[in-house]
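Student: File follows, data.csv with CSV, C-alpha atoms:
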```
chain,number,residue,atom,x,y,z
A,257,MET,CA,51.0,170.5,101.8
A,258,LYS,CA,53.3,172.8,103.6
A,259,ASP,CA,53.0,172.9,107.3
A,260,ILE,CA,50.1,175.0,108.6
A,261,VAL,CA,50.1,175.6,112.3
A,262,ILE,CA,47.8,176.7,115.1
A,263,VAL,CA,49.4,179.5,117.0
A,264,ASP,CA,46.6,179.9,119.5
A,265,ALA,CA,42.9,179.1,120.0
A,266,LEU,CA,40.3,180.6,122.3
A,267,ARG,CA,36.6,180.5,122.9
A,268,THR,CA,34.0,182.2,125.0
A,269,PRO,CA,32.2,180.3,127.7
A,270,ILE,CA,29.1,178.6,126.3
A,271,GLY,CA,25.9,180.3,127.4
A,272,LYS,CA,22.8,178.2,127.9
A,273,PHE,CA,19.6,178.9,125.9
A,274,ARG,CA,18.2,182.3,127.0
A,275,GLY,CA,20.9,182.4,129.7
A,276,SER,CA,23.7,184.9,130.5
A,277,LEU,CA,24.9,185.5,126.9
A,278,SER,CA,21.4,185.9,125.5
A,279,GLY,CA,21.7,189.7,125.7
A,280,VAL,CA,24.9,189.7,123.6
A,281,ARG,CA,25.0,189.7,119.8
A,282,ALA,CA,27.0,186.9,118.1
A,283,ASP,CA,29.2,189.4,116.2
A,284,HIS,CA,30.1,191.0,119.6
A,285,LEU,CA,31.1,187.6,121.0
A,286,GLY,CA,33.1,187.1,117.8
A,287,ALA,CA,34.8,190.5,118.2
A,288,LEU,CA,35.7,189.7,121.8
A,289,VAL,CA,37.3,186.4,121.1
A,290,ILE,CA,39.3,187.4,118.1
A,291,SER,CA,40.6,190.5,120.0
A,292,ARG,CA,41.8,188.4,122.9
A,293,LEU,CA,43.2,185.8,120.6
A,294,LEU,CA,45.7,188.2,119.0
A,295,GLU,CA,46.4,190.1,122.3
A,296,ARG,CA,47.5,186.8,124.0
A,297,VAL,CA,50.1,186.1,121.4
A,298,ASP,CA,51.0,189.8,120.8
A,299,VAL,CA,50.3,189.7,117.1
A,300,SER,CA,49.1,192.8,115.4
A,301,PRO,CA,45.7,192.6,113.6
A,302,ALA,CA,47.4,194.4,110.7
A,303,LEU,CA,49.1,191.0,109.9
A,304,VAL,CA,45.8,189.2,109.5
A,305,GLU,CA,44.9,188.7,105.8
A,306,ASP,CA,41.4,187.2,106.3
A,307,VAL,CA,38.9,186.3,108.9
A,308,ILE,CA,36.7,183.2,108.1
A,309,PHE,CA,33.8,182.4,110.4
A,310,GLY,CA,31.1,179.8,110.5
A,311,CYS,CA,27.5,180.8,111.2
A,312,VAL,CA,24.5,178.7,110.4
A,313,THR,CA,21.4,180.9,110.9
A,314,GLN,CA,22.4,183.9,108.8
A,315,ILE,CA,19.4,186.1,109.3
A,316,GLY,CA,18.8,189.3,111.2
A,317,GLU,CA,21.7,190.1,113.5
A,318,GLN,CA,23.7,187.3,111.9
A,319,SER,CA,23.0,188.2,108.3
A,320,ALA,CA,25.6,190.8,107.4
A,321,ASN,CA,28.7,188.5,107.0
A,322,ILE,CA,29.4,188.0,110.7
A,323,ALA,CA,33.1,187.5,110.1
A,324,ARG,CA,33.4,191.0,108.7
A,325,THR,CA,31.1,192.7,111.3
A,326,ALA,CA,33.1,190.9,114.1
A,327,LEU,CA,36.5,192.2,112.9
A,328,LEU,CA,35.1,195.7,112.4
A,329,GLY,CA,33.6,195.6,115.9
A,330,ALA,CA,37.0,194.6,117.2
A,331,GLY,CA,38.5,197.7,115.7
A,332,TRP,CA,40.7,195.8,113.2
A,333,PRO,CA,41.9,197.5,110.0
A,334,VAL,CA,39.2,197.9,107.4
A,335,THR,CA,41.5,196.4,104.8
A,336,ILE,CA,40.9,192.9,106.3
A,337,PRO,CA,38.1,191.0,104.5
A,338,GLY,CA,35.7,188.7,106.2
A,339,LEU,CA,34.0,185.5,104.9
A,340,THR,CA,31.1,183.7,106.6
A,341,ILE,CA,30.2,180.1,105.6
A,342,ASP,CA,27.5,177.6,106.3
A,343,ARG,CA,28.4,174.0,106.4
A,344,LYS,CA,25.8,173.4,109.1
A,345,CYS,CA,27.2,172.0,112.3
A,346,GLY,CA,30.6,171.7,110.8
A,347,SER,CA,30.8,175.4,109.8
A,348,GLY,CA,33.4,176.4,112.4
A,349,GLU,CA,35.6,173.5,111.5
A,350,VAL,CA,35.4,174.1,107.8
A,351,ALA,CA,36.3,177.7,108.4
A,352,VAL,CA,39.6,176.3,109.6
A,353,HIS,CA,39.8,174.1,106.6
A,354,LEU,CA,39.4,177.1,104.3
A,355,ALA,CA,42.0,179.1,106.2
A,356,VAL,CA,44.5,176.2,105.9
A,357,GLY,CA,43.7,176.0,102.1
A,358,ALA,CA,44.3,179.7,101.6
A,359,ILE,CA,47.7,179.5,103.4
A,360,ALA,CA,48.7,176.4,101.7
A,361,ALA,CA,47.9,177.9,98.3
A,362,GLY,CA,50.0,181.0,99.1
A,363,ALA,CA,47.0,183.3,99.1
A,364,ALA,CA,47.6,184.3,102.7
A,365,ASP,CA,50.1,183.8,105.5
A,366,VAL,CA,48.0,184.7,108.5
A,367,VAL,CA,44.3,183.9,108.9
A,368,VAL,CA,41.9,183.8,111.8
A,369,ALA,CA,39.2,181.2,111.6
A,370,GLY,CA,36.3,180.2,113.8
A,371,GLY,CA,32.6,180.8,114.3
A,372,ALA,CA,29.9,182.5,116.3
A,373,GLU,CA,26.2,181.8,116.9
A,374,SER,CA,23.6,183.1,119.3
A,375,MET,CA,20.8,180.6,119.2
A,376,SER,CA,19.0,182.6,121.9
A,377,ARG,CA,18.8,185.7,119.8
A,378,VAL,CA,18.5,184.2,116.3
A,379,PRO,CA,16.4,181.0,116.6
A,380,MET,CA,17.6,177.9,114.8
A,381,GLY,CA,15.7,177.5,111.5
A,382,SER,CA,14.4,181.1,111.5
A,383,ASN,CA,16.1,181.6,108.1
A,384,ARG,CA,13.9,178.9,106.6
A,385,GLU,CA,10.6,180.3,107.9
A,386,ILE,CA,10.3,183.3,105.6
A,387,HIS,CA,10.6,182.0,102.1
A,388,GLY,CA,9.2,178.5,102.1
A,389,GLU,CA,10.5,175.0,102.1
A,390,ALA,CA,14.2,174.4,102.5
A,391,PHE,CA,14.2,171.6,99.8
A,392,GLY,CA,12.6,171.7,96.4
A,393,TRP,CA,10.8,168.9,94.7
A,394,MET,CA,13.9,167.8,92.8
A,395,ALA,CA,15.7,166.7,95.9
A,396,ALA,CA,12.5,165.6,97.7
A,397,GLN,CA,11.5,163.2,95.0
A,398,ARG,CA,14.9,161.4,95.3
A,399,TYR,CA,15.3,161.3,99.0
A,400,GLU,CA,13.1,161.0,102.1
A,401,LEU,CA,14.2,164.3,103.7
A,402,THR,CA,13.5,163.8,107.4
A,403,SER,CA,14.2,166.0,110.4
A,404,GLN,CA,17.5,165.6,112.3
A,405,GLY,CA,15.5,164.2,115.2
A,406,GLU,CA,13.9,161.5,113.1
A,407,ALA,CA,17.3,160.8,111.6
A,408,ALA,CA,18.7,160.3,115.1
A,409,GLU,CA,15.9,157.9,115.9
A,410,ARG,CA,16.7,155.9,112.8
A,411,ILE,CA,20.4,155.7,113.8
A,412,VAL,CA,19.2,154.4,117.2
A,413,ASP,CA,17.2,151.7,115.3
A,414,ARG,CA,20.0,150.7,112.9
A,415,TRP,CA,22.7,150.4,115.5
A,416,SER,CA,20.3,148.9,118.1
A,417,LEU,CA,21.0,151.5,120.8
A,418,SER,CA,18.8,151.5,123.9
A,419,ARG,CA,17.4,154.4,125.7
A,420,ASP,CA,19.6,153.4,128.7
A,421,ALA,CA,22.7,153.6,126.5
A,422,LEU,CA,21.8,157.1,125.3
A,423,ASP,CA,21.1,158.3,128.8
A,424,ASP,CA,24.2,156.7,130.2
A,425,PHE,CA,26.3,158.5,127.6
A,426,ALA,CA,24.5,161.8,128.3
A,427,PHE,CA,25.1,161.5,132.0
A,428,ALA,CA,28.7,160.8,131.4
A,429,SER,CA,29.1,163.9,129.3
A,430,HIS,CA,27.9,166.1,132.1
A,431,GLN,CA,30.0,164.3,134.7
A,432,ARG,CA,33.1,164.6,132.5
A,433,ALA,CA,32.5,168.3,131.7
A,434,ALA,CA,31.9,169.1,135.4
A,435,ALA,CA,35.0,167.3,136.5
A,436,ALA,CA,37.1,169.1,133.8
A,437,ALA,CA,35.7,172.5,134.7
A,438,ASP,CA,36.3,172.0,138.4
A,439,ALA,CA,39.9,170.9,137.7
A,440,GLY,CA,40.5,174.0,135.6
A,441,TYR,CA,41.0,172.2,132.3
A,442,PHE,CA,39.1,174.8,130.4
A,443,ASP,CA,40.7,177.8,131.9
A,444,ASN,CA,43.4,178.3,129.3
A,445,GLU,CA,40.9,178.2,126.4
A,446,ILE,CA,38.1,180.5,127.8
A,447,VAL,CA,37.8,184.2,127.4
A,448,PRO,CA,35.6,185.7,130.1
A,449,VAL,CA,32.7,187.7,128.8
A,450,ALA,CA,31.7,191.0,130.5
A,451,VAL,CA,28.1,190.6,129.7
A,452,GLU,CA,26.8,194.2,130.3
A,453,ALA,CA,29.8,195.8,128.7
A,454,LEU,CA,29.1,194.0,125.4
A,455,ARG,CA,25.4,194.5,125.7
A,456,GLU,CA,25.3,198.2,126.4
A,457,LYS,CA,27.3,201.1,125.1
A,458,ASN,CA,29.7,203.3,127.1
A,459,LEU,CA,29.6,201.3,130.3
A,460,THR,CA,32.5,202.0,132.7
A,461,GLU,CA,32.0,198.9,134.8
A,462,PRO,CA,32.0,195.4,133.4
A,463,GLY,CA,29.1,194.2,135.5
A,464,VAL,CA,28.4,190.5,135.4
A,465,VAL,CA,31.3,188.4,134.0
A,466,LEU,CA,30.7,184.9,132.7
A,467,ARG,CA,33.8,182.9,133.2
A,468,GLY,CA,32.8,179.3,132.7
A,469,ASP,CA,30.3,177.2,130.7
A,470,GLU,CA,26.8,177.5,132.2
A,471,THR,CA,25.4,174.6,130.2
A,472,ILE,CA,26.9,171.9,132.5
A,473,ARG,CA,24.0,170.4,134.5
A,474,ARG,CA,25.8,169.5,137.8
A,475,ASP,CA,22.5,168.6,139.4
A,476,THR,CA,21.3,166.1,136.8
A,477,SER,CA,21.1,162.5,137.6
A,478,ARG,CA,20.8,159.3,135.7
A,479,GLU,CA,17.3,158.9,137.2
A,480,LYS,CA,16.3,162.4,136.1
A,481,LEU,CA,17.4,161.8,132.6
A,482,SER,CA,15.3,158.6,132.4
A,483,THR,CA,12.1,160.5,133.2
A,484,LEU,CA,12.4,162.9,130.3
A,485,LYS,CA,9.8,162.6,127.5
A,486,THR,CA,11.0,161.7,124.0
A,487,SER,CA,11.2,164.6,121.6
A,488,PHE,CA,10.5,163.2,118.1
A,489,ARG,CA,8.6,159.9,118.5
A,490,PRO,CA,6.0,160.1,121.3
A,491,ASP,CA,5.2,156.4,121.4
A,492,ASN,CA,8.5,154.5,120.8
A,493,GLY,CA,11.2,157.2,120.7
A,494,ARG,CA,14.4,157.3,122.6
A,495,ILE,CA,15.8,160.7,121.8
A,496,THR,CA,15.1,163.3,124.4
A,497,ALA,CA,16.3,166.8,125.3
A,498,GLY,CA,18.6,165.2,127.9
A,499,ASN,CA,20.5,163.0,125.4
A,500,SER,CA,20.7,165.6,122.7
A,501,SER,CA,23.0,168.7,122.3
A,502,GLN,CA,22.0,171.9,124.0
A,503,ILE,CA,20.8,175.0,122.1
A,504,SER,CA,23.3,177.6,123.2
A,505,ASP,CA,25.4,180.7,122.5
A,506,GLY,CA,29.1,181.2,122.0
A,507,ALA,CA,32.1,182.0,119.8
A,508,ALA,CA,35.5,180.5,119.1
A,509,ALA,CA,38.5,181.3,117.0
A,510,LEU,CA,42.0,180.0,116.0
A,511,LEU,CA,45.0,181.9,114.7
A,512,LEU,CA,46.6,180.0,111.8
A,513,MET,CA,49.9,180.6,110.0
A,514,SER,CA,52.3,178.8,107.8
A,515,ALA,CA,55.1,177.3,109.9
A,516,ASP,CA,57.6,179.6,108.2
A,517,THR,CA,55.5,182.7,109.0
A,518,ALA,CA,55.1,181.7,112.7
A,519,LYS,CA,58.9,181.2,113.0
A,520,ARG,CA,59.5,184.6,111.3
A,521,LEU,CA,57.1,186.4,113.6
A,522,GLY,CA,58.5,184.6,116.7
A,523,CYS,CA,55.3,182.9,117.4
A,524,LYS,CA,55.2,179.5,119.1
A,525,ALA,CA,53.3,176.9,117.1
A,526,ARG,CA,51.0,174.8,119.4
A,527,ALA,CA,49.9,172.3,116.8
A,528,ARG,CA,50.1,171.3,113.1
A,529,ILE,CA,47.1,170.6,110.9
A,530,VAL,CA,47.9,167.1,109.6
A,531,ALA,CA,44.9,166.5,107.3
A,532,PHE,CA,41.2,167.5,106.9
A,533,THR,CA,38.2,166.5,104.9
A,534,THR,CA,34.5,166.9,104.4
A,535,VAL,CA,32.3,164.0,103.0
A,536,GLY,CA,28.8,163.6,101.8
A,537,SER,CA,26.6,160.9,103.5
A,538,ASP,CA,23.1,159.5,103.3
A,539,PRO,CA,20.8,162.5,103.5
A,540,THR,CA,18.0,160.6,105.1
A,541,LEU,CA,20.1,159.1,108.0
A,542,MET,CA,21.9,162.4,107.8
A,543,LEU,CA,24.1,162.1,110.9
A,544,THR,CA,26.5,159.2,109.9
A,545,GLY,CA,29.1,161.4,108.1
A,546,PRO,CA,31.6,161.3,110.9
A,547,MET,CA,32.2,157.6,110.2
A,548,ALA,CA,33.3,158.1,106.6
A,549,ALA,CA,35.0,161.4,107.4
A,550,THR,CA,37.1,159.6,110.1
A,551,ARG,CA,38.2,156.9,107.7
A,552,LYS,CA,39.0,159.4,104.9
A,553,VAL,CA,41.1,161.8,107.1
A,554,LEU,CA,43.1,158.9,108.5
A,555,ALA,CA,43.8,157.7,105.0
A,556,LYS,CA,44.9,161.2,103.9
A,557,ALA,CA,47.3,161.3,106.9
A,558,GLY,CA,48.6,157.8,106.5
A,559,LEU,CA,47.6,157.0,110.1
A,560,SER,CA,45.4,154.4,111.8
A,561,LEU,CA,42.9,154.7,114.6
A,562,ASN,CA,45.5,153.3,116.9
A,563,ASP,CA,47.8,156.2,116.2
A,564,ILE,CA,45.3,158.7,117.6
A,565,ASP,CA,45.5,159.7,121.2
A,566,LEU,CA,42.2,161.6,121.6
A,567,PHE,CA,39.0,161.9,119.6
A,568,GLU,CA,36.2,164.5,119.6
A,569,VAL,CA,32.9,163.5,117.9
A,570,ASN,CA,30.3,166.2,118.2
A,571,GLU,CA,27.4,165.1,120.5
A,572,ALA,CA,24.6,166.4,118.3
A,573,PHE,CA,22.7,163.4,119.7
A,574,ALA,CA,24.1,160.7,122.0
A,575,CYS,CA,23.5,158.2,119.2
A,576,VAL,CA,26.0,159.9,116.9
A,577,PRO,CA,29.2,159.1,119.0
A,578,LEU,CA,27.7,155.8,120.2
A,579,ALA,CA,27.2,154.5,116.6
A,580,TRP,CA,30.6,156.0,115.6
A,581,MET,CA,32.2,154.0,118.5
A,582,GLN,CA,30.5,150.8,117.3
A,583,GLU,CA,31.8,151.3,113.8
A,584,THR,CA,35.4,152.3,114.7
A,585,GLY,CA,36.0,150.3,117.9
A,586,VAL,CA,37.4,153.4,119.6
A,587,PRO,CA,36.8,153.1,123.4
A,588,HIS,CA,34.9,155.8,125.3
A,589,ASP,CA,37.9,156.6,127.4
A,590,LYS,CA,39.6,158.2,124.3
A,591,LEU,CA,36.5,160.0,123.1
A,592,ASN,CA,35.1,163.4,124.3
A,593,VAL,CA,37.1,163.0,127.5
A,594,ASN,CA,36.0,166.3,128.9
A,595,GLY,CA,32.4,166.0,127.8
A,596,GLY,CA,30.7,167.2,124.6
A,597,ALA,CA,27.8,169.2,123.2
A,598,ILE,CA,25.3,167.4,125.5
A,599,ALA,CA,26.9,169.1,128.4
A,600,LEU,CA,28.9,172.0,126.8
A,601,GLY,CA,26.3,173.1,124.3
A,602,HIS,CA,26.3,173.3,120.5
A,603,PRO,CA,26.3,177.0,119.2
A,604,LEU,CA,26.0,175.8,115.6
A,605,GLY,CA,28.5,177.9,113.7
A,606,ALA,CA,31.0,178.0,116.5
A,607,SER,CA,31.1,174.3,117.6
A,608,GLY,CA,33.8,173.1,115.1
A,609,ALA,CA,36.2,175.7,116.3
A,610,ARG,CA,35.2,175.1,120.0
A,611,LEU,CA,36.0,171.4,119.6
A,612,MET,CA,39.4,172.1,118.1
A,613,THR,CA,40.2,174.5,120.8
A,614,SER,CA,39.3,172.0,123.5
A,615,LEU,CA,41.0,169.2,121.7
A,616,LEU,CA,44.3,171.1,121.4
A,617,ASN,CA,44.3,172.1,125.1
A,618,GLU,CA,43.7,168.5,126.2
A,619,LEU,CA,46.4,167.2,124.0
A,620,GLU,CA,48.8,169.6,125.6
A,621,ARG,CA,47.6,168.8,129.1
A,622,ARG,CA,48.2,165.1,128.6
A,623,GLY,CA,51.4,165.5,126.5
A,624,ALA,CA,49.7,163.5,123.8
A,625,ARG,CA,50.5,163.7,120.1
A,626,TYR,CA,47.5,163.3,117.7
A,627,GLY,CA,43.9,164.4,118.0
A,628,LEU,CA,41.0,163.8,115.6
A,629,GLN,CA,37.7,165.5,115.6
A,630,ALA,CA,34.6,164.8,113.5
A,631,ILE,CA,31.2,166.4,113.2
A,632,CYS,CA,27.9,165.4,111.6
A,633,CYS,CA,26.1,168.0,109.5
A,634,ALA,CA,22.5,168.5,108.5
A,635,GLY,CA,21.7,167.3,105.0
A,636,GLY,CA,24.1,164.4,105.2
A,637,MET,CA,27.7,165.5,105.5
A,638,GLY,CA,30.6,164.9,107.8
A,639,THR,CA,33.7,166.9,108.6
A,640,ALA,CA,37.0,165.7,110.1
A,641,THR,CA,40.3,167.3,111.1
A,642,LEU,CA,43.5,165.7,112.4
A,643,ILE,CA,46.0,167.8,114.4
A,644,GLU,CA,49.4,167.1,115.9
A,645,ARG,CA,50.5,168.7,119.1
A,646,LEU,CA,53.9,170.4,118.7
A,647,ASP,CA,56.5,170.7,121.5
```
What do you get writing this file as structure tokens?
Tutor:
Amino acid sequence: MKDIVIVDALRTPIGKFRGSLSGVRADHLGALVISRLLERVDVSPALVEDVIFGCVTQIGEQSANIARTALLGAGWPVTIPGLTIDRKCGSGEVAVHLAVGAIAAGAADVVVAGGAESMSRVPMGSNREIHGEAFGWMAAQRYELTSQGEAAERIVDRWSLSRDALDDFAFASHQRAAAAADAGYFDNEIVPVAVEALREKNLTEPGVVLRGDETIRRDTSREKLSTLKTSFRPDNGRITAGNSSQISDGAAALLLMSADTAKRLGCKARARIVAFTTVGSDPTLMLTGPMAATRKVLAKAGLSLNDIDLFEVNEAFACVPLAWMQETGVPHDKLNVNGGAIALGHPLGASGARLMTSLLNELERRGARYGLQAICCAGGMGTATLIERLD
């Protein structure tokens, strides 16, 4: 595969459920982030040949091909098409995969990829409530199709994870995210959101501006986490709201080009896409896909776990990265070093692009070389991407 590079990557702050961003449509968040993305590198939107976005709950405000509505809202040329995909929690990451594939195939030279989701405005699962069961009898007779919460509890069972271990991990996520935010580690990747200006037409003043993630619980404590009731098994459960990812709102996007195109346009390439993959996994356990995806993407790249400087495994539930660490032997000091979805939120369709944006910035901050991210997806899938920082 010819070299495909990340020229830039940006995200909005992540808004907590029914928080500051709950008055803003997801396509407006997408329009903002793609506009600022190209402005920062001084690339004309006319050069973009496609916009690919992830969005999971495609109903109501998010139903009309959010990639297309975002680019139109941004005022980009109407000749640019948009594509919206649903690979569940991996949607924003797989949007990048599709962009890389299009560039590698010669179908495009410049693509913007990312995702947007407002879980406050378009509730998770609301697209399943209108027309019946998500799975028909043909799948249901072959597999025990559990909820994600029950799947998480079964992972806790299989990998012998204690409630203390889950809550310890969750507390560390908030501590790491708070420390990173306070140190300014996220500043380069965040586009401030003028909330009223995006919510109301023709405002001359920006009003409230959200500049940082409002999902980080600075006041939480290990003791407070231990008092939370379990969410899925009332009697013997260990999964709680505190050791699970947060319902939230946000958008993220990356500008991708072939290395030759970036050079021709005078754009500095920040990273190279080394390899990527998506795998299927047990649909009942559902959340184990990152394990197989990690092994597969490393094999594709001809690298080992020891070659990787930083890892991001999406914190859908604390048990997912904890079980992944057991299987891989990767230490916690190389994983989710600035916190994860437990502290930073999980706006479903945007999370894959958010992880890649944060991973890229941390590689640069540390002067490290390789980063690998992996995400579990509903239905039993896993995504993974391996990037290399470029000097």
Student: Can you tell me how far CA of Ala525 (chain A) sits from CA of Val304 (chain A), in Å to one decimal?
Tutor: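 So the two atoms, CA of Ala525 (chain A) and CA of Val304 (chain A), lie 16.3 Å apart.
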Student: Pick from A:Ala450, A:Leu512, A:Leu481, A:Met375: nearest to Gly468 (chain A), with all atoms listed in the file counted?
Tutor: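 Looking at the shortest contact to Gly468 (chain A), the residue is A:Ala450.
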Student: Calculated over only C-alpha atoms, which of the candidates A:Asn617, A:Ala326, A:Thr540, A:Ala548 has the smallest distance to Arg398 (chain A)?
Tutor: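 With only C-alpha atoms as the atom set, the closest residue is A:Thr540.
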Student: Given only C-alpha atoms as the basis, pick out the residue of A:Leu417, A:Ala497, A:Lys524, A:Asp306 nearest to Asp264 (chain A).
Tutor: A:Lys524
Student: Name the residues in contact with Phe573 (chain A) at a cut-off of 10 Å, using all atoms listed in the file, excluding same-chain residues fewer than 6 positions from it; report them as a list in words.
Tutor: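 In the requested form, the answer reads Gln404, Gly405, Ala408, Glu409, Ile411, Val412, Leu422, Phe425, Ala426, Ile495, Thr496, Ala497, Gly498, Asn499, Ser500, Ser501, Gln502, Leu543, Ala597, Ile598 and Cys632 of chain A.
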Student: Can you measure CA of Gly545 (chain A) to CA of Leu616 (chain A) for me? One decimal in Å is fine.
Tutor: 22.4 Å
Student: What is the distance between CA of His284 (chain A) and CA of Pro269 (chain A), in Å to one decimal?
Tutor: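 These two atoms are separated by 13.6 Å.
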Student: If you count all atoms listed in the file, which residues fall within 6 Å of region 335-351 of chain A, apart from same-chain ones fewer than 6 positions away, as a CSV table (one decimal) with C-alpha atoms, in the coordinates of the input?
Tutor:
```csv
chain,number,residue,atom,x,y,z
A,305,GLU,CA,44.9,188.7,105.8
A,306,ASP,CA,41.4,187.2,106.3
A,307,VAL,CA,38.9,186.3,108.9
A,308,ILE,CA,36.7,183.2,108.1
A,309,PHE,CA,33.8,182.4,110.4
A,310,GLY,CA,31.1,179.8,110.5
A,311,CYS,CA,27.5,180.8,111.2
A,312,VAL,CA,24.5,178.7,110.4
A,321,ASN,CA,28.7,188.5,107.0
A,323,ALA,CA,33.1,187.5,110.1
A,324,ARG,CA,33.4,191.0,108.7
A,369,ALA,CA,39.2,181.2,111.6
A,370,GLY,CA,36.3,180.2,113.8
A,371,GLY,CA,32.6,180.8,114.3
A,604,LEU,CA,26.0,175.8,115.6
A,605,GLY,CA,28.5,177.9,113.7
A,606,ALA,CA,31.0,178.0,116.5
A,608,GLY,CA,33.8,173.1,115.1
A,609,ALA,CA,36.2,175.7,116.3
A,631,ILE,CA,31.2,166.4,113.2
A,633,CYS,CA,26.1,168.0,109.5
A,634,ALA,CA,22.5,168.5,108.5
```
Student: Give me, as number ranges by chain, all polymer residues having an atom no more than 6 Å from Gly596 (chain A), counting all atoms listed in the file and skipping those fewer than 4 positions away in the same chain.
Tutor: A: 429, 571, 592, 600
Student: Take the residues from that selection and put them in a file with C-alpha atoms, as a PDB file, in the coordinates of the input.
Tutor:
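Below is the file result_9.pdb, written as the result:
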```
ATOM      1  CA  SER A 429      29.100 163.900 129.300  1.00  0.00           C
ATOM      2  CA  GLU A 571      27.400 165.100 120.500  1.00  0.00           C
ATOM      3  CA  ASN A 592      35.100 163.400 124.300  1.00  0.00           C
ATOM      4  CA  LEU A 600      28.900 172.000 126.800  1.00  0.00           C
TER       5      LEU A 600
END
```
Student: Of the candidates A:Val449, A:Met637, A:Ile359, A:Ile503, which one gets nearest to Lys258 (chain A) if we count all atoms listed in the file?
Tutor: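 Closest to Lys258 (chain A) of all the choices is A:Ile359.
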